>>> print(open('protein-v1.csv').read())   # CSV, C-alpha atoms (C1' of nucleotides)
chain,number,residue,atom,x,y,z
A,1,MET,CA,31.7,-19.9,36.8
A,2,PRO,CA,28.8,-21.6,38.4
A,3,GLU,CA,27.8,-25.0,37.1
A,4,LEU,CA,24.7,-24.5,34.9
A,5,ALA,CA,24.4,-27.7,33.0
A,6,ALA,CA,23.0,-29.9,35.8
A,7,PRO,CA,20.1,-27.7,36.8
A,8,LEU,CA,19.3,-27.0,33.2
A,9,VAL,CA,19.1,-30.7,32.4
A,10,GLU,CA,17.0,-31.5,35.5
A,11,TRP,CA,14.6,-28.6,34.7
A,12,TYR,CA,14.3,-29.6,31.0
A,13,ARG,CA,13.4,-33.2,31.9
A,14,GLU,CA,10.3,-31.9,33.7
A,15,ASN,CA,9.4,-28.8,31.7
A,16,ALA,CA,10.2,-29.3,28.1
A,17,ARG,CA,7.3,-28.6,25.7
A,18,ASP,CA,6.1,-31.5,23.6
A,19,LEU,CA,7.0,-30.1,20.2
A,20,PRO,CA,6.8,-32.0,16.9
A,21,TRP,CA,10.5,-31.8,16.1
A,22,ARG,CA,11.3,-33.3,19.5
A,23,ARG,CA,9.4,-36.5,18.8
A,24,PRO,CA,11.7,-39.5,18.4
A,25,GLY,CA,12.3,-40.3,14.8
A,26,PHE,CA,11.1,-37.0,13.5
A,27,GLY,CA,14.0,-37.1,11.0
A,28,ALA,CA,16.7,-34.7,9.9
A,29,TRP,CA,14.6,-33.3,7.0
A,30,GLY,CA,11.8,-32.5,9.4
A,31,VAL,CA,14.2,-30.9,11.8
A,32,LEU,CA,15.8,-28.9,9.0
A,33,VAL,CA,12.4,-27.6,7.7
A,34,SER,CA,11.4,-26.7,11.2
A,35,GLU,CA,14.6,-24.7,11.8
A,36,PHE,CA,14.0,-22.7,8.6
A,37,MET,CA,10.5,-21.9,9.7
A,38,LEU,CA,11.6,-21.0,13.2
A,39,GLN,CA,14.0,-18.4,11.9
A,40,GLN,CA,12.2,-15.4,13.3
A,41,THR,CA,8.8,-16.9,13.4
A,42,PRO,CA,7.2,-18.0,16.7
A,43,VAL,CA,6.7,-21.7,17.5
A,44,ASN,CA,2.9,-21.6,17.6
A,45,ARG,CA,2.7,-20.2,14.1
A,46,VAL,CA,5.1,-22.7,12.7
A,47,ILE,CA,3.6,-26.0,13.9
A,48,PRO,CA,0.6,-26.2,11.5
A,49,HIS,CA,2.7,-25.0,8.5
A,50,LEU,CA,5.4,-27.5,9.3
A,51,GLU,CA,3.1,-30.5,9.3
A,52,ALA,CA,1.5,-29.5,6.0
A,53,TRP,CA,4.9,-28.9,4.4
A,54,LEU,CA,6.2,-32.3,5.4
A,55,GLU,CA,3.0,-34.0,4.3
A,56,ARG,CA,3.4,-32.5,0.9
A,57,TRP,CA,7.2,-32.9,0.6
A,58,PRO,CA,8.3,-35.7,2.8
A,59,THR,CA,11.9,-35.7,1.5
A,60,PRO,CA,14.4,-33.1,0.2
A,61,ALA,CA,14.1,-34.6,-3.3
A,62,ASP,CA,10.3,-34.2,-3.2
A,63,LEU,CA,10.7,-30.4,-2.6
A,64,ALA,CA,13.6,-30.1,-5.1
A,65,ALA,CA,11.3,-31.6,-7.8
A,66,ALA,CA,8.7,-28.9,-7.3
A,67,PRO,CA,8.9,-25.4,-8.8
A,68,PRO,CA,10.0,-22.6,-6.3
A,69,ALA,CA,6.6,-21.0,-6.8
A,70,ASP,CA,5.0,-23.9,-5.0
A,71,ALA,CA,7.4,-23.5,-2.1
A,72,VAL,CA,6.6,-19.8,-1.8
A,73,ARG,CA,2.9,-20.4,-2.0
A,74,GLN,CA,3.0,-23.2,0.6
A,75,TRP,CA,5.0,-20.8,2.8
A,76,ALA,CA,1.9,-18.7,3.0
A,77,ASN,CA,2.0,-16.0,5.7
A,78,LEU,CA,5.0,-17.3,7.7
A,79,GLY,CA,6.9,-14.2,6.8
A,80,TYR,CA,10.3,-13.6,5.3
A,81,PRO,CA,9.4,-15.5,2.1
A,82,ARG,CA,13.0,-15.6,1.0
A,83,ARG,CA,13.3,-18.4,3.5
A,84,ALA,CA,10.9,-20.5,1.3
A,85,LEU,CA,13.2,-19.9,-1.7
A,86,TRP,CA,16.3,-20.7,0.3
A,87,LEU,CA,14.8,-23.9,1.7
A,88,HIS,CA,13.9,-24.9,-1.8
A,89,ARG,CA,17.5,-24.2,-3.0
A,90,ALA,CA,18.9,-26.1,0.0
A,91,ALA,CA,16.7,-29.1,-1.0
A,92,VAL,CA,18.1,-28.9,-4.5
A,93,GLU,CA,21.6,-28.8,-3.1
A,94,ILE,CA,20.9,-31.7,-0.8
A,95,ARG,CA,19.6,-33.7,-3.7
A,96,ASP,CA,22.6,-32.8,-6.0
A,97,ARG,CA,25.5,-32.8,-3.6
A,98,HIS,CA,24.4,-35.2,-0.8
A,99,ASP,CA,22.3,-37.9,-2.6
A,100,GLY,CA,19.2,-36.5,-1.1
A,101,VAL,CA,20.3,-37.0,2.5
A,102,VAL,CA,20.5,-34.0,4.9
A,103,PRO,CA,24.2,-33.7,5.7
A,104,ARG,CA,25.4,-34.3,9.3
A,105,ASP,CA,28.7,-32.4,9.0
A,106,VAL,CA,28.5,-28.8,10.3
A,107,ASP,CA,30.6,-27.4,7.4
A,108,ALA,CA,28.5,-29.2,4.9
A,109,LEU,CA,25.4,-27.8,6.5
A,110,LEU,CA,26.9,-24.3,6.5
A,111,ALA,CA,27.5,-24.5,2.8
A,112,LEU,CA,23.7,-25.0,2.1
A,113,THR,CA,21.7,-21.9,1.1
A,114,GLY,CA,19.9,-20.3,4.0
A,115,ILE,CA,21.8,-22.1,6.7
A,116,GLY,CA,24.0,-20.2,9.1
A,117,ASP,CA,25.8,-20.8,12.5
A,118,TYR,CA,22.6,-21.5,14.4
A,119,THR,CA,20.7,-23.7,11.9
A,120,ALA,CA,23.8,-25.8,11.0
A,121,ARG,CA,24.5,-26.7,14.6
A,122,ALA,CA,20.8,-27.2,15.5
A,123,VAL,CA,20.5,-29.8,12.7
A,124,ALA,CA,23.8,-31.5,13.7
A,125,VAL,CA,22.8,-31.6,17.3
A,126,PHE,CA,19.0,-32.1,17.3
A,127,ALA,CA,18.7,-34.3,14.3
A,128,TYR,CA,21.9,-36.3,14.5
A,129,GLY,CA,22.8,-36.0,18.2
A,130,ASP,CA,26.3,-34.7,17.8
A,131,ARG,CA,28.1,-32.4,20.2
A,132,HIS,CA,28.3,-28.7,19.2
A,133,PRO,CA,27.3,-25.5,20.8
A,134,VAL,CA,23.8,-24.4,19.6
A,135,VAL,CA,23.3,-20.7,20.2
A,136,ASP,CA,20.1,-18.8,19.4
A,137,THR,CA,18.6,-15.6,20.7
A,138,ASN,CA,17.1,-17.4,23.7
A,139,THR,CA,20.4,-19.0,24.7
A,140,ARG,CA,22.2,-15.7,24.3
A,141,ARG,CA,19.8,-14.0,26.7
A,142,VAL,CA,20.1,-16.8,29.3
A,143,LEU,CA,23.9,-16.7,29.2
A,144,ALA,CA,23.9,-12.9,29.3
A,145,ARG,CA,21.8,-12.9,32.4
A,146,ALA,CA,23.1,-16.0,34.3
A,147,ILE,CA,26.8,-15.5,33.6
A,148,ASP,CA,27.4,-11.9,32.6
A,149,GLY,CA,24.7,-10.3,34.9
A,150,ARG,CA,23.2,-8.3,32.0
A,151,SER,CA,19.5,-7.7,31.4
A,152,GLN,CA,19.8,-8.4,27.6
A,153,PRO,CA,22.5,-9.9,25.4
A,154,GLY,CA,24.6,-7.9,23.0
A,155,PRO,CA,24.6,-8.4,19.3
A,156,PRO,CA,25.3,-12.0,18.1
A,157,SER,CA,29.0,-12.8,18.2
A,158,ARG,CA,31.3,-15.8,17.7
A,159,ARG,CA,32.1,-15.4,21.4
A,160,ASP,CA,28.6,-16.8,22.0
A,161,LEU,CA,29.7,-20.2,20.7
A,162,GLU,CA,32.6,-20.2,23.1
A,163,ALA,CA,30.4,-19.2,26.0
A,164,MET,CA,28.0,-22.1,25.3
A,165,THR,CA,30.9,-24.5,24.8
A,166,ALA,CA,32.1,-23.6,28.2
A,167,ILE,CA,29.0,-25.0,29.9
A,168,LEU,CA,28.6,-28.0,27.7
A,169,PRO,CA,29.2,-31.3,29.4
A,170,ASP,CA,31.4,-33.9,27.8
A,171,ASP,CA,28.7,-36.5,27.4
A,172,VAL,CA,27.2,-36.2,23.9
A,173,GLU,CA,23.6,-36.9,24.8
A,174,THR,CA,23.7,-34.6,27.8
A,175,ALA,CA,25.3,-31.9,25.8
A,176,ALA,CA,22.4,-32.0,23.3
A,177,VAL,CA,19.9,-31.7,26.2
A,178,VAL,CA,21.8,-28.7,27.7
A,179,ASN,CA,21.6,-27.0,24.3
A,180,ALA,CA,17.9,-27.6,24.1
A,181,ALA,CA,17.4,-26.6,27.7
A,182,ALA,CA,19.1,-23.3,27.4
A,183,MET,CA,16.9,-22.4,24.4
A,184,GLU,CA,13.8,-23.7,26.2
A,185,LEU,CA,14.5,-21.8,29.3
A,186,GLY,CA,15.0,-18.6,27.3
A,187,ALA,CA,11.8,-19.2,25.4
A,188,THR,CA,9.5,-19.9,28.3
A,189,VAL,CA,11.0,-18.6,31.6
A,190,CYS,CA,13.9,-16.3,31.0
A,191,ILE,CA,12.0,-14.3,28.4
A,192,ALA,CA,12.9,-10.9,27.2
A,193,ARG,CA,10.1,-8.7,28.7
A,194,ILE,CA,9.1,-10.0,32.1
A,195,PRO,CA,11.2,-13.0,33.1
A,196,ARG,CA,9.5,-15.6,35.4
A,197,CYS,CA,12.5,-15.9,37.8
A,198,ASP,CA,10.4,-17.7,40.4
A,199,ALA,CA,10.2,-20.7,38.0
A,200,CYS,CA,13.9,-20.6,37.0
A,201,PRO,CA,16.2,-23.4,37.9
A,202,LEU,CA,19.1,-21.0,37.8
A,203,ARG,CA,17.7,-18.3,40.1
A,204,ASP,CA,20.1,-19.1,42.9
A,205,ARG,CA,23.1,-18.8,40.7
A,206,CYS,CA,22.0,-16.1,38.3
A,207,ALA,CA,24.5,-13.2,38.1
A,208,TRP,CA,21.8,-10.8,36.9
A,209,ARG,CA,19.4,-11.7,39.8
A,210,ALA,CA,22.3,-11.5,42.3
A,211,ALA,CA,23.1,-8.0,41.1
A,212,GLY,CA,19.6,-6.8,41.7
A,213,TYR,CA,18.3,-6.9,38.1
A,214,PRO,CA,20.3,-3.9,36.8
A,215,ASP,CA,19.1,-2.5,33.5
A,216,THR,CA,22.3,-2.8,31.5
A,217,GLY,CA,20.6,-1.4,28.4
A,218,ASP,CA,19.8,-3.1,25.2
A,219,GLU,CA,22.6,-3.2,22.6
A,220,ARG,CA,20.4,-4.8,20.0
A,221,ARG,CA,19.3,-2.6,17.2
A,222,LYS,CA,15.6,-1.7,17.1
A,223,GLN,CA,13.3,-2.9,14.4
A,224,ALA,CA,12.5,-0.3,11.7
A,225,LYS,CA,8.9,0.9,11.6
A,226,TYR,CA,6.9,-1.5,9.5
A,227,GLU,CA,4.0,0.8,8.5
A,228,GLY,CA,4.6,2.3,5.1
A,229,SER,CA,7.9,0.4,4.7
A,230,ASP,CA,9.3,-1.3,1.7
A,231,ARG,CA,8.8,-4.5,3.5
A,232,GLN,CA,5.1,-3.9,3.9
A,233,VAL,CA,4.7,-3.3,0.1
A,234,ARG,CA,6.8,-6.3,-0.7
A,235,GLY,CA,4.5,-8.3,1.6
A,236,ALA,CA,1.4,-7.0,-0.1
A,237,VAL,CA,2.8,-7.7,-3.6
A,238,LEU,CA,3.8,-11.2,-2.7
A,239,LYS,CA,0.4,-11.9,-1.1
A,240,THR,CA,-1.2,-10.8,-4.3
A,241,LEU,CA,0.9,-13.3,-6.3
A,242,ARG,CA,0.3,-16.1,-3.8
A,243,ASP,CA,-3.4,-15.6,-3.9
A,244,ALA,CA,-3.7,-15.3,-7.7
A,245,ALA,CA,-5.7,-18.2,-8.9
A,246,SER,CA,-4.3,-17.8,-12.5
A,247,HIS,CA,-0.8,-17.7,-11.1
A,248,ALA,CA,-0.1,-14.5,-13.0
A,249,VAL,CA,-1.2,-10.9,-12.3
A,250,PRO,CA,-1.2,-8.0,-14.7
A,251,LEU,CA,1.4,-5.5,-13.4
A,252,LEU,CA,-1.3,-2.8,-13.4
A,253,GLU,CA,-3.3,-4.8,-10.9
A,254,VAL,CA,-0.5,-5.4,-8.4
A,255,VAL,CA,-1.4,-3.4,-5.3
A,256,PRO,CA,-2.9,-0.6,-7.5
A,257,ASP,CA,-3.9,1.6,-4.6
A,258,TRP,CA,-0.6,1.8,-2.8
A,259,PRO,CA,-0.1,5.4,-1.8
A,260,ASP,CA,3.4,5.6,-3.2
A,261,PRO,CA,3.5,4.1,-6.7
A,262,GLN,CA,7.2,4.6,-7.0
A,263,GLN,CA,7.9,2.7,-3.8
A,264,ARG,CA,5.6,-0.1,-5.0
A,265,ASP,CA,7.5,-0.4,-8.3
A,266,ARG,CA,10.8,-0.5,-6.4
A,267,ALA,CA,9.4,-3.2,-4.3
A,268,ILE,CA,8.4,-5.2,-7.3
A,269,ASP,CA,11.9,-4.8,-8.8
A,270,SER,CA,13.5,-5.9,-5.6
A,271,LEU,CA,11.3,-9.0,-5.5
A,272,ILE,CA,12.4,-9.8,-9.0
A,273,ALA,CA,16.0,-9.2,-8.0
A,274,ASP,CA,15.6,-11.6,-5.1
A,275,GLY,CA,14.1,-14.3,-7.3
A,276,LEU,CA,10.7,-14.1,-5.6
A,277,ALA,CA,8.9,-12.9,-8.7
A,278,GLU,CA,9.2,-12.9,-12.4
A,279,ALA,CA,7.9,-10.4,-15.0
A,280,SER,CA,7.0,-11.0,-18.6
A,281,ASP,CA,4.4,-9.7,-21.1
A,282,GLY,CA,3.1,-7.2,-18.5
A,283,LEU,CA,2.4,-10.0,-16.0
A,284,LEU,CA,3.9,-10.7,-12.7
A,285,ARG,CA,4.1,-14.2,-11.2
A,286,LEU,CA,6.0,-16.4,-8.7
A,287,PRO,CA,9.2,-18.1,-9.9
A,288,ALA,CA,8.6,-21.2,-12.0
B,1,DT,C1',29.9,-5.2,11.7
B,2,DA,C1',25.3,-3.0,10.2
B,3,DT,C1',21.4,-3.4,7.5
B,4,DG,C1',17.2,-5.3,5.1
B,5,DC,C1',14.0,-8.6,5.2
B,6,DG,C1',7.2,-10.4,6.9
B,7,DT,C1',3.8,-11.2,9.8
B,8,DG,C1',0.9,-11.5,13.7
B,9,DG,C1',0.2,-11.8,18.8
B,10,DG,C1',1.0,-9.6,23.2
B,11,DT,C1',1.0,-5.6,26.3
C,1,DT,C1',-2.6,3.0,20.4
C,2,DA,C1',2.1,2.2,19.3
C,3,DC,C1',5.4,-0.2,20.2
C,4,DC,C1',7.8,-4.8,21.5
C,5,DC,C1',9.1,-9.2,20.2
C,6,DA,C1',9.8,-13.9,17.7
C,7,DA,C1',14.7,-21.1,17.3
C,8,DG,C1',18.5,-15.8,11.7
C,9,DC,C1',20.4,-15.3,7.2
C,10,DA,C1',22.8,-13.1,3.3
C,11,DT,C1',25.2,-9.3,1.9
>>> encode(input="protein-v1.csv", output="structure tokens")
Amino acid sequence: MPELAAPLVEWYRENARDLPWRRPGFGAWGVLVSEFMLQQTPVNRVIPHLEAWLERWPTPADLAAAPPADAVRQWANLGYPRRALWLHRAAVEIRDRHDGVVPRDVDALLALTGIGDYTARAVAVFAYGDRHPVVDTNTRRVLARAIDGRSQPGPPSRRDLEAMTAILPDDVETAAVVNAAAMELGATVCIARIPRCDACPLRDRCAWRAAGYPDTGDERRKQAKYEGSDRQVRGAVLKTLRDAASHAVPLLEVVPDWPDPQQRDRAIDSLIADGLAEASDGLLRLPA
DNA sequence: TATGCGTGGGT
DNA sequence: TACCCAAGCAT
């Protein structure tokens, strides 16, 4: 296997974006919040919301003391609002189980609501500087191309962690940079649609490039159509609740003109089941 | 392992 | 215009 770490590190030193969570002393809580927001939401949309969030809730205990409704409202239009609920639960867990301090141990992080393989290691590495493989969708694409000679990565797998571990240097600080560099390269150069191989530090050792850019197919599942979907109704219902000045909306006034009333009612039920809404006395509201 | 889960910008 | 895509997670 070609040596990938050295060119990645050199490239990252020159080309890393200046992002808020990379500032020295940003703090583990800030990193954790940023990672929650970055789960499936682009960087540029996250930044303003992250800053507002941390200004309002500078510590896990501050968020834990607020009602979940405030978290869901502050989440605004970032998407996947369950993440707001999960982040709030994680804050409560951090307060109750870790004395209000974001844990450093990967297994302790994994035990928090809303934190999986990626986020746990991202916090341990980027907030605390420990040595673990951090693998996100960008890294998986970079490794799939550079090492496996494929155009796109397959579905996420635990093998991804092993593949990243294989290129991680022993030095702790350099290992963190390699993790960040692989993600950054995938986010800005080795992008999904039209990669900018002329700007890639791995171009001379990339298996995919060497093989002539074969289209190996895309094993990832396609996103379901959004128009007319349950997700779209859920989003409309939740937006109504977020925007309600009175913090409660008569059920009859919740997305009243949706073309499929039964679908809308199912969506309301599912939001209640998820803990994102509460119903009483014919009113719907965010969770207190 | 496969599926459901928001929202908006890019092409 | 219709896709495609985005630092995943829980079930």
>>> closest_residue(input="protein-v1.csv", among="A:Asp243, A:Asp260, A:Glu227, A:Asp204", to="DC3 of chain C", atoms="all atoms listed in the file")
A:Glu227
>>> closest_atom_pairs(input="protein-v1.csv", of="chain C", to="segment 4-11 of chain B", cutoff="10 Å", atoms="only C-alpha atoms (C1' of nucleotides)", output="CSV")
residue,atom,partner,partner_atom,distance
C:DC3,C1',B:DT11,C1',9.3
C:DC4,C1',B:DT11,C1',8.4
C:DC5,C1',B:DG10,C1',8.6
C:DA6,C1',B:DG9,C1',9.9
C:DC9,C1',B:DC5,C1',9.5
C:DA10,C1',B:DG4,C1',9.8
C:DT11,C1',B:DG4,C1',9.5
>>> interface_residues(input="protein-v1.csv", of="chain A", to="chain C", cutoff="7 Å", atoms="all atoms listed in the file", output="VMD selection string")
chain A and resid 35 38 to 42 114 to 116 136
>>> atom_distance(input="protein-v1.csv", atom1="atom CA of Ala273 of chain A", atom2="atom CA of Leu109 of chain A")
25.4 Å
>>> interface_residues(input="protein-v1.csv", of="chain A", to="chain B", cutoff="7 Å", atoms="only C-alpha atoms (C1' of nucleotides)", output="ChimeraX atom specification")
/A:77-80,231,235
>>> atom_distance(input="protein-v1.csv", atom1="atom CA of Thr139 of chain A", atom2="atom CA of Leu185 of chain A")
8.0 Å
>>> closest_residue(input="protein-v1.csv", among="A:Ala5, A:Ala288, A:Cys206, A:Leu110", to="Asp171 of chain A", atoms="only C-alpha atoms")
A:Ala5
>>> atom_distance(input="protein-v1.csv", atom1="atom CA of Gly154 of chain A", atom2="atom CA of Gly186 of chain A")
15.0 Å
>>> residues_around(input="protein-v1.csv", residues="segment 61-71 of chain A", least_positions_apart="2", cutoff="10 Å", atoms="all atoms listed in the file", output="JSON, numbers by chain")
{"A": [53, 54, 56, 57, 58, 59, 73, 74, 75, 76, 81, 83, 84, 85, 86, 87, 88, 89, 90, 91, 92, 93, 94, 95, 96, 99, 100, 101, 241, 242, 247, 275, 276, 277, 285, 286, 287, 288]}
>>> write_last_selection(input="protein-v1.csv", atoms="C-alpha atoms", output="CSV table (one decimal), in the coordinates of the input")
chain,number,residue,atom,x,y,z
A,53,TRP,CA,4.9,-28.9,4.4
A,54,LEU,CA,6.2,-32.3,5.4
A,56,ARG,CA,3.4,-32.5,0.9
A,57,TRP,CA,7.2,-32.9,0.6
A,58,PRO,CA,8.3,-35.7,2.8
A,59,THR,CA,11.9,-35.7,1.5
A,73,ARG,CA,2.9,-20.4,-2.0
A,74,GLN,CA,3.0,-23.2,0.6
A,75,TRP,CA,5.0,-20.8,2.8
A,76,ALA,CA,1.9,-18.7,3.0
A,81,PRO,CA,9.4,-15.5,2.1
A,83,ARG,CA,13.3,-18.4,3.5
A,84,ALA,CA,10.9,-20.5,1.3
A,85,LEU,CA,13.2,-19.9,-1.7
A,86,TRP,CA,16.3,-20.7,0.3
A,87,LEU,CA,14.8,-23.9,1.7
A,88,HIS,CA,13.9,-24.9,-1.8
A,89,ARG,CA,17.5,-24.2,-3.0
A,90,ALA,CA,18.9,-26.1,0.0
A,91,ALA,CA,16.7,-29.1,-1.0
A,92,VAL,CA,18.1,-28.9,-4.5
A,93,GLU,CA,21.6,-28.8,-3.1
A,94,ILE,CA,20.9,-31.7,-0.8
A,95,ARG,CA,19.6,-33.7,-3.7
A,96,ASP,CA,22.6,-32.8,-6.0
A,99,ASP,CA,22.3,-37.9,-2.6
A,100,GLY,CA,19.2,-36.5,-1.1
A,101,VAL,CA,20.3,-37.0,2.5
A,241,LEU,CA,0.9,-13.3,-6.3
A,242,ARG,CA,0.3,-16.1,-3.8
A,247,HIS,CA,-0.8,-17.7,-11.1
A,275,GLY,CA,14.1,-14.3,-7.3
A,276,LEU,CA,10.7,-14.1,-5.6
A,277,ALA,CA,8.9,-12.9,-8.7
A,285,ARG,CA,4.1,-14.2,-11.2
A,286,LEU,CA,6.0,-16.4,-8.7
A,287,PRO,CA,9.2,-18.1,-9.9
A,288,ALA,CA,8.6,-21.2,-12.0
>>> residues_near_point(input="protein-v1.csv", point="(4.0, -9.2, -5.3)", cutoff="12 Å", atoms="only C-alpha atoms (C1' of nucleotides)", output="PyMOL selection string")
chain A and resi 72-73+81+230-244+247-256+264-272+274-279+283-287
